[in-house]
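**Student:** Dumping the structure here so I can ask a few things about it.
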Amino acid sequence: MTGCYNGPLIDPHHHLWDLTLERHPWLQKARATGGETAFGSLTPILRNYGIEDYRVDAVRQNVVATIHVEAGWSDAHPLEETGWLDSLDRSSGVARRYIARVPLDAPDPMRLLEAEAANPNVVGIRDIVSWHPDPAKSFARRADLMDDPAWRAGLAYAARLGLVFDLMLYPWQMKDALELVRASPETLFVLNHGGSPIDRTPEGMTLWRQGLQALGNEPNVRLKISDLVAYDNQRTLESLRPVIEHCLDCFGPTRAMFASDFPVAGLYASFDDVYLTFRTIASQLSLDEQRALFFVTANDTYRLGIDDAAEVQGGRLA
């Protein structure tokens with residue numbers, strides 16, 4: 001055991017929102033049902049979550065910069081979320097860069113992609129493809145998004161604009177994703193949430209393990225190890241360990257990164273608990289490998305350009 005990493009940390013996946021803007025349909029719907037959803041109660045996160053709220057949650061973890069990932073902003077108001085983020089005081093390093101929301105099968109996705117790419121704070125896009133046979137658990141508009149020629153054309157255009165694509169799906173979609181990844185070598189994909197191992201049956205976990213291994217063999221895919229606490233109702237350090245270790249086996253530290261997915265992961269664990277799990281399990285690795293998982297991979301993937309020796313100097317969110 002090398003010891004737990006205690007250097008600067010980049011959190012490459014979290015969300016911010018202001019519910020008074022009424023721009024997040026999934027949160028508005030949860031409010032209307034008293035917080036109850038197919039995934040359980042969202043009541044604890046049905047409140048504004050801003051930069052200061054994130055800083056309070058992360059205060060003990062030496063976070064020096066973060067990537068804001070689109071938070072389900074209404075498709076009826078394209079580009080607004082990026083403008084809202086630009087209006088915030090981001091001098092602390094929270095939301096230093098953004099993954100924006102663009103529906104790739106929209107009537108004019110090229111215009112939206114060009115507008116997002118013109119903002120130097122936008123480094124990627126996400127259009128969630130997670131489809132579930134139970135409509136209440138689906139995030140995608142339909143099951144066949146990854147096969148749609150128009151959607152793929154939007155994806156290819158995003159890559160030409162230099163944008164990363166954050167890929168969120170369920171394990172039973174990994175075969176389709178593998179074909180997409182191989183057909184799109186110009187696109188850098190970042191698989192969200194460890195591939196979302198939601199089916200905890202032996203068959204479900206086998207499907208996840210095999211699919212993740214196949215995607216891990218593709219050079220244009222990277223992985224966020226995030227929000228695993230949402231998929232393990234009986235979670236302990238020892239139940240999370242084999243899942244995280246399989247993620248590392250498939251991608252290695254130079255193509256994987258730890259992320260919080262706060263405040264959503266806060267439904268299941270504190271920020272400190274999430275990162276204590278990461279630090280403990282990663283402590284078996286060399287310090288260079290740990291630094292890759294906590295800092296370097298995210299810094300490189302999302303083009304943050306942070307020189308931790310000169311700029312960070314072991315500091316945390318200002």
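Residues in the structure tokens are named by chain (A, B, ... in the order shown) and by number from 1 within that chain; ligands are numbered from 1 in the order shown.
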So that I can check the surroundings of segment 113-129 of chain A, please list as a list in words every protein, DNA and RNA residue that reaches within 7 Å of it, counting only C-alpha atoms and ignoring chain neighbours fewer than 5 positions away.
**Tutor:**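 Once the nearby chain positions are removed, what remains is Arg96, Arg97, Tyr98, Ile99, Ala100, Arg101, Val102, Pro103, Leu104, Phe139, Ala140, Leu145, Ala158, Leu161, Leu163, Val164, Phe165, Asp166, Leu167, Met168, Leu169 and Tyr302 of chain A.
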**Student:** Each residue of segment 244-304 of chain A with at least one atom at most 8 Å from segment 56-63 of chain A should appear once, together with its nearest atom pair and the corresponding distance in Å (one decimal); atoms considered: only C-alpha atoms; ordering: chain, then increasing residue number; output as a tab-separated table.
**Tutor:**
```
residue	atom	partner	partner_atom	distance
A:Ser270	CA	A:Asp57	CA	7.7
A:Phe271	CA	A:Asp57	CA	5.9
A:Asp272	CA	A:Gln61	CA	7.1
A:Tyr275	CA	A:Gln61	CA	7.6
```
**Student:** Please indicate the distance in Å from atom CA of Leu27 of chain A to atom CA of Asp273 of chain A, rounded to one decimal place.
**Tutor:**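 That distance, rounded to one decimal, is 24.7 Å.
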**Student:** Considering only C-alpha atoms, state which residue in the set A:Glu186, A:Ala71, A:Thr37, A:Trp172 is at the smallest distance from Ala156 of chain A.
**Tutor:**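 Among the listed residues, the smallest separation from Ala156 of chain A belongs to A:Glu186.
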**Student:** Going by DSSP on the backbone, which residues of segment 9-114 of chain A come out as strand (DSSP E)? List them as a ChimeraX atom specification.
**Tutor:** /A:9-14,36-37,40-41,63-69,97-101
**Student:** Which residue out of A:Pro149, A:Pro171, A:Pro202, A:Gly216 has the minimum interatomic distance to Phe189 of chain A when only C-alpha atoms are used?
**Tutor:** A:Gly216
**Student:** With DSSP run on the backbone, what are the alpha helix (DSSP H) residues within segment 14-215 of chain A? I'd like them as a PyMOL selection string.
**Tutor:** chain A and resi 25-32+51-58+80-86+109-117+149-160+174-183+202-215
**Student:** Can you list, as an MDAnalysis selection string, every protein, DNA or RNA residue that comes within 9 Å of Leu9 of chain A when you count only C-alpha atoms, leaving out same-chain residues fewer than 3 positions away?
**Tutor:** chainID A and resid 6 61:66 291 293:296 316
**Student:** Could you save those same residues with all heavy atoms as an mmCIF file, in the first residue's frame?
**Tutor:**
```
data_model
loop_
_atom_site.group_PDB
_atom_site.id
_atom_site.type_symbol
_atom_site.label_atom_id
_atom_site.label_comp_id
_atom_site.auth_asym_id
_atom_site.auth_seq_id
_atom_site.Cartn_x
_atom_site.Cartn_y
_atom_site.Cartn_z
ATOM 1 N N ASN A 6 -3.202 12.826 -1.329
ATOM 2 C CA ASN A 6 -3.677 14.040 -0.664
ATOM 3 C C ASN A 6 -3.318 15.299 -1.441
ATOM 4 O O ASN A 6 -3.291 16.397 -0.889
ATOM 5 C CB ASN A 6 -3.118 14.133 0.768
ATOM 6 C CG ASN A 6 -1.598 14.202 0.801
ATOM 7 O OD1 ASN A 6 -0.941 14.241 -0.248
ATOM 8 N ND2 ASN A 6 -1.032 14.209 2.000
ATOM 9 N N GLN A 61 -11.771 18.356 0.760
ATOM 10 C CA GLN A 61 -11.233 17.407 -0.215
ATOM 11 C C GLN A 61 -10.176 17.980 -1.161
ATOM 12 O O GLN A 61 -9.785 17.321 -2.111
ATOM 13 C CB GLN A 61 -12.382 16.793 -1.010
ATOM 14 C CG GLN A 61 -13.283 15.899 -0.177
ATOM 15 C CD GLN A 61 -12.536 14.750 0.458
ATOM 16 O OE1 GLN A 61 -11.633 14.173 -0.140
ATOM 17 N NE2 GLN A 61 -12.900 14.415 1.692
ATOM 18 N N ASN A 62 -9.712 19.190 -0.934
ATOM 19 C CA ASN A 62 -8.621 19.756 -1.737
ATOM 20 C C ASN A 62 -8.980 19.852 -3.214
ATOM 21 O O ASN A 62 -8.150 19.624 -4.099
ATOM 22 C CB ASN A 62 -7.338 18.924 -1.560
ATOM 23 C CG ASN A 62 -6.082 19.700 -1.916
ATOM 24 O OD1 ASN A 62 -6.099 20.916 -2.093
ATOM 25 N ND2 ASN A 62 -4.979 18.984 -2.016
ATOM 26 N N VAL A 63 -10.244 20.191 -3.504
ATOM 27 C CA VAL A 63 -10.691 20.382 -4.883
ATOM 28 C C VAL A 63 -10.199 21.740 -5.379
ATOM 29 O O VAL A 63 -10.409 22.761 -4.729
ATOM 30 C CB VAL A 63 -12.226 20.316 -4.984
ATOM 31 C CG1 VAL A 63 -12.677 20.580 -6.419
ATOM 32 C CG2 VAL A 63 -12.740 18.966 -4.505
ATOM 33 N N VAL A 64 -9.552 21.745 -6.540
ATOM 34 C CA VAL A 64 -9.006 22.985 -7.081
ATOM 35 C C VAL A 64 -9.735 23.447 -8.342
ATOM 36 O O VAL A 64 -9.599 24.605 -8.747
ATOM 37 C CB VAL A 64 -7.504 22.851 -7.372
ATOM 38 C CG1 VAL A 64 -6.740 22.571 -6.082
ATOM 39 C CG2 VAL A 64 -7.224 21.758 -8.404
ATOM 40 N N ALA A 65 -10.481 22.568 -8.986
ATOM 41 C CA ALA A 65 -11.246 22.937 -10.176
ATOM 42 C C ALA A 65 -12.295 21.866 -10.430
ATOM 43 O O ALA A 65 -12.137 20.708 -10.012
ATOM 44 C CB ALA A 65 -10.340 23.089 -11.399
ATOM 45 N N THR A 66 -13.381 22.251 -11.124
ATOM 46 C CA THR A 66 -14.446 21.295 -11.419
ATOM 47 C C THR A 66 -14.958 21.482 -12.844
ATOM 48 O O THR A 66 -14.776 22.535 -13.466
ATOM 49 C CB THR A 66 -15.646 21.449 -10.461
ATOM 50 O OG1 THR A 66 -16.423 22.606 -10.838
ATOM 51 C CG2 THR A 66 -15.201 21.581 -9.011
ATOM 52 N N ARG A 291 -2.525 10.134 -8.685
ATOM 53 C CA ARG A 291 -2.595 11.516 -9.173
ATOM 54 C C ARG A 291 -3.313 11.572 -10.515
ATOM 55 O O ARG A 291 -4.069 12.512 -10.792
ATOM 56 C CB ARG A 291 -1.190 12.092 -9.290
ATOM 57 C CG ARG A 291 -1.140 13.553 -9.721
ATOM 58 C CD ARG A 291 0.279 14.105 -9.601
ATOM 59 N NE ARG A 291 0.343 15.440 -10.140
ATOM 60 C CZ ARG A 291 0.615 15.728 -11.419
ATOM 61 N NH1 ARG A 291 0.853 14.748 -12.277
ATOM 62 N NH2 ARG A 291 0.650 16.971 -11.849
ATOM 63 N N LEU A 293 -5.754 9.580 -11.466
ATOM 64 C CA LEU A 293 -7.181 9.376 -11.212
ATOM 65 C C LEU A 293 -7.852 10.598 -10.601
ATOM 66 O O LEU A 293 -9.016 10.894 -10.894
ATOM 67 C CB LEU A 293 -7.369 8.178 -10.284
ATOM 68 C CG LEU A 293 -7.102 6.807 -10.903
ATOM 69 C CD1 LEU A 293 -6.905 5.760 -9.820
ATOM 70 C CD2 LEU A 293 -8.247 6.423 -11.826
ATOM 71 N N PHE A 294 -7.135 11.295 -9.739
ATOM 72 C CA PHE A 294 -7.721 12.425 -9.027
ATOM 73 C C PHE A 294 -7.504 13.769 -9.736
ATOM 74 O O PHE A 294 -8.209 14.737 -9.437
ATOM 75 C CB PHE A 294 -7.155 12.514 -7.614
ATOM 76 C CG PHE A 294 -7.673 11.468 -6.673
ATOM 77 C CD1 PHE A 294 -6.916 10.338 -6.373
ATOM 78 C CD2 PHE A 294 -8.915 11.598 -6.081
ATOM 79 C CE1 PHE A 294 -7.387 9.374 -5.493
ATOM 80 C CE2 PHE A 294 -9.403 10.641 -5.197
ATOM 81 C CZ PHE A 294 -8.635 9.521 -4.914
ATOM 82 N N PHE A 295 -6.532 13.824 -10.660
ATOM 83 C CA PHE A 295 -6.167 15.130 -11.214
ATOM 84 C C PHE A 295 -5.831 15.106 -12.702
ATOM 85 O O PHE A 295 -6.458 15.776 -13.515
ATOM 86 C CB PHE A 295 -4.982 15.701 -10.425
ATOM 87 C CG PHE A 295 -4.564 17.084 -10.840
ATOM 88 C CD1 PHE A 295 -5.106 18.201 -10.224
ATOM 89 C CD2 PHE A 295 -3.632 17.276 -11.844
ATOM 90 C CE1 PHE A 295 -4.726 19.486 -10.612
ATOM 91 C CE2 PHE A 295 -3.240 18.548 -12.237
ATOM 92 C CZ PHE A 295 -3.795 19.653 -11.625
ATOM 93 N N VAL A 296 -4.860 14.287 -13.097
ATOM 94 C CA VAL A 296 -4.259 14.417 -14.421
ATOM 95 C C VAL A 296 -5.215 14.053 -15.550
ATOM 96 O O VAL A 296 -5.316 14.773 -16.553
ATOM 97 C CB VAL A 296 -2.968 13.575 -14.520
ATOM 98 C CG1 VAL A 296 -2.393 13.639 -15.933
ATOM 99 C CG2 VAL A 296 -1.938 14.054 -13.503
ATOM 100 N N ARG A 316 -6.737 24.602 -2.424
ATOM 101 C CA ARG A 316 -8.075 24.076 -2.658
ATOM 102 C C ARG A 316 -8.946 25.206 -3.153
ATOM 103 O O ARG A 316 -8.458 26.311 -3.418
ATOM 104 C CB ARG A 316 -8.649 23.464 -1.390
ATOM 105 C CG ARG A 316 -8.786 24.450 -0.228
ATOM 106 C CD ARG A 316 -9.244 23.764 1.030
ATOM 107 N NE ARG A 316 -8.236 22.828 1.484
ATOM 108 C CZ ARG A 316 -8.439 21.953 2.457
ATOM 109 N NH1 ARG A 316 -9.629 21.874 3.042
ATOM 110 N NH2 ARG A 316 -7.479 21.157 2.863
#
```
**Student:** Please determine, counting only C-alpha atoms, which residue among A:Met110, A:Leu180, A:Met174, A:Ala38 has the shortest atom-to-atom distance to Asp134 of chain A.
**Tutor:**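 Closest to Asp134 of chain A, using only C-alpha atoms: A:Ala38.
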**Student:** Determine, counting only C-alpha atoms, which protein, DNA and RNA residues have an atom within 12 Å of an atom of Phe251 of chain A; residues of the same chain fewer than 2 positions away are not included. Present the result as an mmCIF file with N, CA, C and O atoms, in the first residue's frame.
**Tutor:**
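Saved file part-v8.cif follows:
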```
data_model
loop_
_atom_site.group_PDB
_atom_site.id
_atom_site.type_symbol
_atom_site.label_atom_id
_atom_site.label_comp_id
_atom_site.auth_asym_id
_atom_site.auth_seq_id
_atom_site.Cartn_x
_atom_site.Cartn_y
_atom_site.Cartn_z
ATOM 1 N N VAL A 190 -16.417 10.024 -23.119
ATOM 2 C CA VAL A 190 -16.186 9.846 -21.687
ATOM 3 C C VAL A 190 -17.413 9.158 -21.106
ATOM 4 O O VAL A 190 -18.490 9.759 -21.008
ATOM 5 N N LEU A 191 -17.255 7.897 -20.767
ATOM 6 C CA LEU A 191 -18.358 7.115 -20.229
ATOM 7 C C LEU A 191 -18.650 7.548 -18.800
ATOM 8 O O LEU A 191 -17.755 7.561 -17.944
ATOM 9 N N GLY A 194 -19.222 5.077 -14.346
ATOM 10 C CA GLY A 194 -18.735 3.701 -14.383
ATOM 11 C C GLY A 194 -19.564 2.790 -15.263
ATOM 12 O O GLY A 194 -19.522 1.566 -15.102
ATOM 13 N N GLY A 195 -20.325 3.367 -16.193
ATOM 14 C CA GLY A 195 -21.198 2.548 -17.044
ATOM 15 C C GLY A 195 -22.517 2.184 -16.392
ATOM 16 O O GLY A 195 -23.245 1.318 -16.896
ATOM 17 N N LEU A 212 -18.121 -3.228 -20.139
ATOM 18 C CA LEU A 212 -17.115 -2.235 -19.754
ATOM 19 C C LEU A 212 -15.732 -2.642 -20.262
ATOM 20 O O LEU A 212 -14.959 -1.800 -20.730
ATOM 21 N N GLN A 213 -15.425 -3.920 -20.193
ATOM 22 C CA GLN A 213 -14.139 -4.393 -20.681
ATOM 23 C C GLN A 213 -13.999 -4.140 -22.180
ATOM 24 O O GLN A 213 -12.935 -3.707 -22.646
ATOM 25 N N ALA A 214 -15.069 -4.392 -22.927
ATOM 26 C CA ALA A 214 -15.014 -4.156 -24.369
ATOM 27 C C ALA A 214 -14.807 -2.677 -24.687
ATOM 28 O O ALA A 214 -13.983 -2.320 -25.537
ATOM 29 N N LEU A 215 -15.514 -1.798 -23.996
ATOM 30 C CA LEU A 215 -15.345 -0.364 -24.225
ATOM 31 C C LEU A 215 -13.961 0.102 -23.781
ATOM 32 O O LEU A 215 -13.377 1.001 -24.387
ATOM 33 N N GLY A 216 -13.445 -0.520 -22.731
ATOM 34 C CA GLY A 216 -12.123 -0.159 -22.246
ATOM 35 C C GLY A 216 -11.013 -0.485 -23.223
ATOM 36 O O GLY A 216 -9.914 0.079 -23.135
ATOM 37 N N ASN A 217 -11.286 -1.373 -24.191
ATOM 38 C CA ASN A 217 -10.290 -1.718 -25.202
ATOM 39 C C ASN A 217 -10.203 -0.687 -26.320
ATOM 40 O O ASN A 217 -9.298 -0.773 -27.155
ATOM 41 N N GLU A 218 -11.149 0.257 -26.333
ATOM 42 C CA GLU A 218 -11.181 1.250 -27.408
ATOM 43 C C GLU A 218 -10.402 2.503 -26.984
ATOM 44 O O GLU A 218 -10.661 3.068 -25.929
ATOM 45 N N PRO A 219 -9.453 2.951 -27.802
ATOM 46 C CA PRO A 219 -8.566 4.046 -27.379
ATOM 47 C C PRO A 219 -9.244 5.398 -27.254
ATOM 48 O O PRO A 219 -8.705 6.295 -26.591
ATOM 49 N N ASN A 220 -10.423 5.574 -27.859
ATOM 50 C CA ASN A 220 -11.107 6.868 -27.808
ATOM 51 C C ASN A 220 -12.204 6.916 -26.744
ATOM 52 O O ASN A 220 -13.141 7.717 -26.838
ATOM 53 N N VAL A 221 -12.080 6.080 -25.720
ATOM 54 C CA VAL A 221 -13.039 6.087 -24.609
ATOM 55 C C VAL A 221 -12.294 6.271 -23.297
ATOM 56 O O VAL A 221 -11.282 5.605 -23.054
ATOM 57 N N ARG A 222 -12.798 7.172 -22.471
ATOM 58 C CA ARG A 222 -12.325 7.335 -21.094
ATOM 59 C C ARG A 222 -13.505 7.130 -20.148
ATOM 60 O O ARG A 222 -14.649 7.067 -20.585
ATOM 61 N N LEU A 223 -13.213 7.028 -18.877
ATOM 62 C CA LEU A 223 -14.240 6.614 -17.909
ATOM 63 C C LEU A 223 -14.256 7.522 -16.695
ATOM 64 O O LEU A 223 -13.207 7.837 -16.119
ATOM 65 N N LYS A 224 -15.475 7.919 -16.305
ATOM 66 C CA LYS A 224 -15.659 8.560 -15.007
ATOM 67 C C LYS A 224 -16.144 7.520 -14.015
ATOM 68 O O LYS A 224 -17.156 6.855 -14.247
ATOM 69 N N ILE A 225 -15.442 7.389 -12.917
ATOM 70 C CA ILE A 225 -15.861 6.520 -11.821
ATOM 71 C C ILE A 225 -16.620 7.422 -10.855
ATOM 72 O O ILE A 225 -16.031 8.180 -10.082
ATOM 73 N N ILE A 244 -15.111 -0.732 -8.472
ATOM 74 C CA ILE A 244 -14.087 0.270 -8.795
ATOM 75 C C ILE A 244 -12.842 -0.403 -9.363
ATOM 76 O O ILE A 244 -12.239 0.076 -10.339
ATOM 77 N N GLU A 245 -12.460 -1.535 -8.800
ATOM 78 C CA GLU A 245 -11.274 -2.228 -9.300
ATOM 79 C C GLU A 245 -11.482 -2.728 -10.725
ATOM 80 O O GLU A 245 -10.544 -2.711 -11.536
ATOM 81 N N HIS A 246 -12.710 -3.158 -11.062
ATOM 82 C CA HIS A 246 -12.961 -3.572 -12.440
ATOM 83 C C HIS A 246 -12.874 -2.363 -13.379
ATOM 84 O O HIS A 246 -12.347 -2.483 -14.500
ATOM 85 N N CYS A 247 -13.379 -1.221 -12.944
ATOM 86 C CA CYS A 247 -13.238 0.003 -13.738
ATOM 87 C C CYS A 247 -11.767 0.289 -14.030
ATOM 88 O O CYS A 247 -11.392 0.616 -15.167
ATOM 89 N N LEU A 248 -10.929 0.149 -12.997
ATOM 90 C CA LEU A 248 -9.503 0.423 -13.166
ATOM 91 C C LEU A 248 -8.835 -0.635 -14.038
ATOM 92 O O LEU A 248 -7.949 -0.317 -14.843
ATOM 93 N N ASP A 249 -9.250 -1.878 -13.893
ATOM 94 C CA ASP A 249 -8.694 -2.936 -14.736
ATOM 95 C C ASP A 249 -9.000 -2.679 -16.214
ATOM 96 O O ASP A 249 -8.175 -2.958 -17.085
ATOM 97 N N PRO A 253 -5.444 3.944 -14.844
ATOM 98 C CA PRO A 253 -5.516 5.293 -14.263
ATOM 99 C C PRO A 253 -5.383 6.419 -15.277
ATOM 100 O O PRO A 253 -5.921 7.506 -15.060
ATOM 101 N N THR A 254 -4.704 6.200 -16.397
ATOM 102 C CA THR A 254 -4.503 7.291 -17.351
ATOM 103 C C THR A 254 -5.723 7.541 -18.228
ATOM 104 O O THR A 254 -5.773 8.534 -18.943
ATOM 105 N N ARG A 255 -6.727 6.641 -18.163
ATOM 106 C CA ARG A 255 -7.962 6.862 -18.925
ATOM 107 C C ARG A 255 -9.192 6.823 -18.027
ATOM 108 O O ARG A 255 -10.322 6.712 -18.521
ATOM 109 N N ALA A 256 -8.991 6.938 -16.725
ATOM 110 C CA ALA A 256 -10.108 6.960 -15.778
ATOM 111 C C ALA A 256 -9.938 8.126 -14.826
ATOM 112 O O ALA A 256 -8.818 8.615 -14.604
ATOM 113 N N MET A 257 -11.053 8.571 -14.269
ATOM 114 C CA MET A 257 -11.005 9.697 -13.335
ATOM 115 C C MET A 257 -12.119 9.540 -12.303
ATOM 116 O O MET A 257 -13.217 9.070 -12.610
ATOM 117 N N ALA A 292 -3.112 10.564 -11.355
ATOM 118 C CA ALA A 292 -3.830 10.518 -12.625
ATOM 119 C C ALA A 292 -5.332 10.438 -12.383
ATOM 120 O O ALA A 292 -6.122 11.157 -13.009
ATOM 121 N N LEU A 293 -5.754 9.580 -11.466
ATOM 122 C CA LEU A 293 -7.181 9.376 -11.212
ATOM 123 C C LEU A 293 -7.852 10.598 -10.601
ATOM 124 O O LEU A 293 -9.016 10.894 -10.894
ATOM 125 N N THR A 297 -5.929 12.928 -15.422
ATOM 126 C CA THR A 297 -6.812 12.497 -16.506
ATOM 127 C C THR A 297 -7.888 13.542 -16.776
ATOM 128 O O THR A 297 -8.172 13.870 -17.935
#
```
**Student:** Can you pull out the residues contacting segment 229-235 of chain A? Cut-off 9 Å, using only C-alpha atoms, and skip same-chain residues under 5 positions away; I want them as a PyMOL selection string.
**Tutor:** chain A and resi 196-200+240+264-265+267-269+274
**Student:** Rank nothing, just name the residue among A:Leu112, A:Cys250, A:Ala106, A:Ala177 nearest to Leu79 of chain A, using only C-alpha atoms.
**Tutor:**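 Comparing A:Leu112, A:Cys250, A:Ala106, A:Ala177 against Leu79 of chain A, the winner is A:Leu112.
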**Student:** How far is it from atom CA of Asp148 of chain A to atom CA of Asp105 of chain A, in Å with one decimal?
**Tutor:** 8.1 Å
**Student:** Which residues come within 8 Å of segment 84-91 of chain A, counting only C-alpha atoms, excluding same-chain residues fewer than 4 positions away, as an MDAnalysis selection string?
**Tutor:** chainID A and resid 51 80 95:96 318
**Student:** Kindly export the residues of the current selection with N, CA and C atoms, as a PDB file, in the first residue's frame.
**Tutor:**
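To be explicit, this is the file written out as again.pdb:
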```pdb
ATOM      1  N   ILE A  51     -22.807  27.411  -6.307  1.00  0.00           N
ATOM      2  CA  ILE A  51     -21.358  27.281  -6.098  1.00  0.00           C
ATOM      3  C   ILE A  51     -21.021  27.200  -4.620  1.00  0.00           C
ATOM      4  N   GLU A  80     -29.236  28.408 -22.847  1.00  0.00           N
ATOM      5  CA  GLU A  80     -29.431  29.223 -21.641  1.00  0.00           C
ATOM      6  C   GLU A  80     -28.574  28.748 -20.470  1.00  0.00           C
ATOM      7  N   ALA A  95     -16.994  24.962 -11.557  1.00  0.00           N
ATOM      8  CA  ALA A  95     -17.496  25.167 -12.920  1.00  0.00           C
ATOM      9  C   ALA A  95     -16.485  25.921 -13.770  1.00  0.00           C
ATOM     10  N   ARG A  96     -15.233  25.525 -13.652  1.00  0.00           N
ATOM     11  CA  ARG A  96     -14.186  26.154 -14.480  1.00  0.00           C
ATOM     12  C   ARG A  96     -14.425  25.868 -15.962  1.00  0.00           C
ATOM     13  N   ALA A 318     -10.698  28.380  -3.636  1.00  0.00           N
ATOM     14  CA  ALA A 318     -10.422  29.654  -2.942  1.00  0.00           C
ATOM     15  C   ALA A 318     -11.660  30.188  -2.230  1.00  0.00           C
TER      16      ALA A 318
END
```
**Student:** Which residue out of A:Gly72, A:Pro107, A:Pro133, A:Gly252 has the minimum interatomic distance to Trp26 of chain A when only C-alpha atoms are used?
**Tutor:** A:Gly72
